[in-house]
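Report on the following structure.
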Amino acid sequence: MTKKEWLVLLLLAVALVLVRAPFINVPLERDEGEYACFAWQMTRGVMPYRDVITYISPGVFFLYQTAFLLFDHTIQGIRSFTLLYLLLTLGLFYYLARKLLGKQGAWLAGVIFIFLSTDPGILANMSQREIFASLPLMISFILLQKDLSSQRWYFAAGNGLVIALVFMIKPTTIVQLAFVLAVWAWYYIRTKEHRLFWQRILWLAAGLAFGISLFVFYFSAQQALADFLYWVFLFPRQQSQAIAAYYPTFNHVLISFKHHFKYILQNVFVSQLPLGIVLLASLIITFYKRQKALALYWLWFMLLLLSTAIGWHFRRQYFQLLIVPQALLIAWGLQYFYRALAGKERLAVNSYRVLVFIMVLYPFVNMMKQYYFITPNMISRKLYGPQVFSIARPIGEYIGSQTTPEDKIYILGSEPEVYFYSQRFLVGKHITAYTLTYDYGDPIARQKEVVQALKTELPLYIIKINQESSLYDYPAVHKKNVIFNEVFDLVNDKYTLVGFGFINYQKELLAFGRQQVAAYVPGTKTLPEELAYLYKSFGDYYPAVLIFRLKKPRGIS
């Protein structure tokens, strides 16, 4: 590349740093908390799947461990690593964009990539596993291009290895395997090179097997192979079967899709509306003008779009998987219209340049206006609503200050970030309530296992999360469960209320220690009376977190 291009790439990197700066200290949400918690626990000998239950594939745990190794065990360390990872992704993206769009279009694609990889509408400013999947997905695409042009075995084998690794980050990216096989089938059948097609498949399978075997050997060495295979491969199958049973007719599927599509329109496409219009125009032009060079990119985009809908859960962060092909196709559409105006009147050309400048600049200005001048906690509430994420950090830090590393705690809910903030281990094996209350497998047996562990070990603190999204505690589900009443009976008998956290869209309310709690609950009351008084007093808040401490903890003053 020329010095001018290196300068452009440097400016793009600076822009990426600037637009992600407001989010460097935003509290972890529950998925990020789970990744961070397991990465921290693994450094202390606790093995996921064997010692603590999760159905998250392990690739993201190793990425978070890398973040801790390069930076530190903090939110800032995680976000800084994510930024560094995205800078590397941006560099490779510029290389790919340069091949498709040339020097003139690569910088524009880079600007669009920066916005999409920081878009709050798809939570791209956080550190979910989807954002980490973009780099290996792009490497797989480049290896596919290299293989089609040179037909060297190591490109096919390397692609299999990369697909295995990205699968271990986000399992739905297995569609990348379908994409590679489809392209090979089309190319080699059309050229009647069937022998090369089967050779490619064998080398791909070898790379794929090698990549998967790395994880198999690792967990086998840790005596956790059976647990790893069950929770990563078999448990999701049980989930899929339960979801299929939940949607017995095609009409139910349509109703679900309608509900989620409305959610997607409100939270995803609104933030990307101008660029989305260009993307749609690019699709129309591709078919109308028979732009064969773009067929590969559109097939890639469509299959990755399919991966966002597997399981009939349409979460905003899933759309991060589309960032790379989406940015390329939008930049191509903008460049196509610019070239169509070549030779026209100067006024038309300059007007188009101004329009593109406004279209690309507006999302950045709008994002910075909304997020650059507010606190990290306010950003969290703006992104997620009145979830407990913004109060989880002070709660975890309080628990950490009141305990020793040998003390254990238990959270009835799905907020593993509290374990991470407090640097304390949990009682039992279930780090989230989802494995206890989801109707997959035998949840009642798992609940009884946790209750027995709680009665045996008596954690120093029990934290109860009173949010449906954290507990999966819906009325129809609650009737089947035993854990809620069992834990309440245990708390009522052996624990005392020593803290709480309430939250709504505008503000938070926290109290730590009996003295602060007594300021809100005057007089001597039983635990049910205290809780009833709190709920009545703070009705305009969402009851979020209740903190209970063992009445006579051993070895603690």
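Chain lettering (A, B, ...) mirrors the order of the structure tokens, residue numbering begins at 1 for each chain separately, and ligand numbering begins at 1 in order of display.
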
Item to check | Shell of 9 Å around segment 318-334 of chain A, only C-alpha atoms, local chain residues under 2 positions omitted, as a PyMOL selection string | outcome: chain A and resi 93+96-97+100-101+105-106+108-114+116-117+122-124+130-135+137-138+173+268+275-283+285+294+297-298+300-302+304-305+307-309+314-316+336-339+356

Checklist entry - Among segment 381-522 of chain A, which ones does DSSP place in helix (DSSP H, G or I), written as number ranges by chain? => result A: 381-384, 389-401, 417-422, 434-437, 443-457, 468-471, 475-478, 483-494, 514-520

Checklist entry - Could you name the residues that touch Thr526 of chain A at 10 Å or less, counting only C-alpha atoms, but leaving out those on the same chain fewer than 6 positions away, as a PyMOL selection string? => result chain A and resi 492+496-497+532

Next on the checklist: Please list as a ChimeraX atom specification every residue within 6 Å of Tyr495 of chain A, counting only C-alpha atoms and excluding residues in the same chain fewer than 5 positions away.
Outcome noted: /A:548-551

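When the distance limit is 6 Å and only C-alpha atoms are what count, the residues near Tyr421 of chain A, minus those fewer than 4 positions from it on the same chain, are Arg393, Gly396 and Glu397 of chain A.
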
Checklist entry - Skipping near chain neighbours, those fewer than 4 positions away, what residues fall within 7 Å of Tyr64 of chain A using only C-alpha atoms, listed as a PyMOL selection string? => result chain A and resi 35-36+39+60+68+78

The selected residues should be written to file as a PDB file, in the first residue's frame (atoms: N, CA, C and O atoms).
ATOM      1  N   TYR A  35     -19.127 -14.592  30.351  1.00  0.00           N
ATOM      2  CA  TYR A  35     -17.827 -14.806  29.712  1.00  0.00           C
ATOM      3  C   TYR A  35     -16.691 -14.427  30.662  1.00  0.00           C
ATOM      4  O   TYR A  35     -15.713 -15.168  30.820  1.00  0.00           O
ATOM      5  N   ALA A  36     -16.829 -13.256  31.291  1.00  0.00           N
ATOM      6  CA  ALA A  36     -15.784 -12.763  32.186  1.00  0.00           C
ATOM      7  C   ALA A  36     -15.635 -13.672  33.402  1.00  0.00           C
ATOM      8  O   ALA A  36     -14.513 -13.959  33.843  1.00  0.00           O
ATOM      9  N   ALA A  39     -13.889 -16.932  32.380  1.00  0.00           N
ATOM     10  CA  ALA A  39     -12.478 -16.674  32.076  1.00  0.00           C
ATOM     11  C   ALA A  39     -11.681 -16.485  33.363  1.00  0.00           C
ATOM     12  O   ALA A  39     -10.559 -16.998  33.492  1.00  0.00           O
ATOM     13  N   VAL A  60     -15.156 -18.008  23.450  1.00  0.00           N
ATOM     14  CA  VAL A  60     -15.180 -16.653  23.997  1.00  0.00           C
ATOM     15  C   VAL A  60     -14.512 -16.591  25.364  1.00  0.00           C
ATOM     16  O   VAL A  60     -13.954 -15.550  25.741  1.00  0.00           O
ATOM     17  N   PHE A  68      -7.630 -10.500  29.829  1.00  0.00           N
ATOM     18  CA  PHE A  68      -7.087 -10.371  31.179  1.00  0.00           C
ATOM     19  C   PHE A  68      -5.566 -10.464  31.175  1.00  0.00           C
ATOM     20  O   PHE A  68      -4.887  -9.811  31.970  1.00  0.00           O
ATOM     21  N   ILE A  78     -11.438  -5.553  29.498  1.00  0.00           N
ATOM     22  CA  ILE A  78     -12.236  -6.266  28.491  1.00  0.00           C
ATOM     23  C   ILE A  78     -12.523  -5.368  27.298  1.00  0.00           C
ATOM     24  O   ILE A  78     -12.357  -5.766  26.140  1.00  0.00           O
TER      25      ILE A  78
END

Checklist entry - Which residue, A:Phe357, A:Tyr95, A:Phe500, A:Phe373, has the smallest gap to Ile139 of chain A when you use only C-alpha atoms? => result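 Looking only at the distances to Ile139 of chain A, the closest residue turns out to be A:Tyr95.
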
Next on the checklist: as a list in words, please: the residues near Val450 of chain A (cut-off 9 Å, only C-alpha atoms, same-chain neighbours under 4 positions excluded).
Outcome noted: Val427, Gly428, Lys429, His430, Leu436, Ala445, Arg446, Leu454, Lys455 and Ile483 of chain A

What are the closest atom pairs, with distances in Å to one decimal, for each residue of segment 8-88 of chain A lying within 12 Å of segment 150-169 of chain A, using only C-alpha atoms, rows by chain and rising residue number, as a Markdown table?
| residue | atom | partner | partner_atom | distance |
| --- | --- | --- | --- | --- |
| A:Tyr35 | CA | A:Ile169 | CA | 10.9 |
| A:Tyr55 | CA | A:Met168 | CA | 11.5 |
| A:Ile56 | CA | A:Ile169 | CA | 8.5 |
| A:Ser57 | CA | A:Met168 | CA | 5.4 |
| A:Pro58 | CA | A:Met168 | CA | 6.0 |
| A:Gly59 | CA | A:Ile169 | CA | 4.4 |
| A:Val60 | CA | A:Ile169 | CA | 5.3 |
| A:Phe61 | CA | A:Ile169 | CA | 8.6 |
| A:Phe62 | CA | A:Ile169 | CA | 9.3 |
| A:Leu63 | CA | A:Ile169 | CA | 9.0 |
| A:Tyr64 | CA | A:Ile169 | CA | 11.3 |

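For the choices A:Gln65, A:Thr172, A:Leu299, A:Phe81, the atom-to-atom distance to Arg44 of chain A is smallest for A:Gln65 when using only C-alpha atoms.
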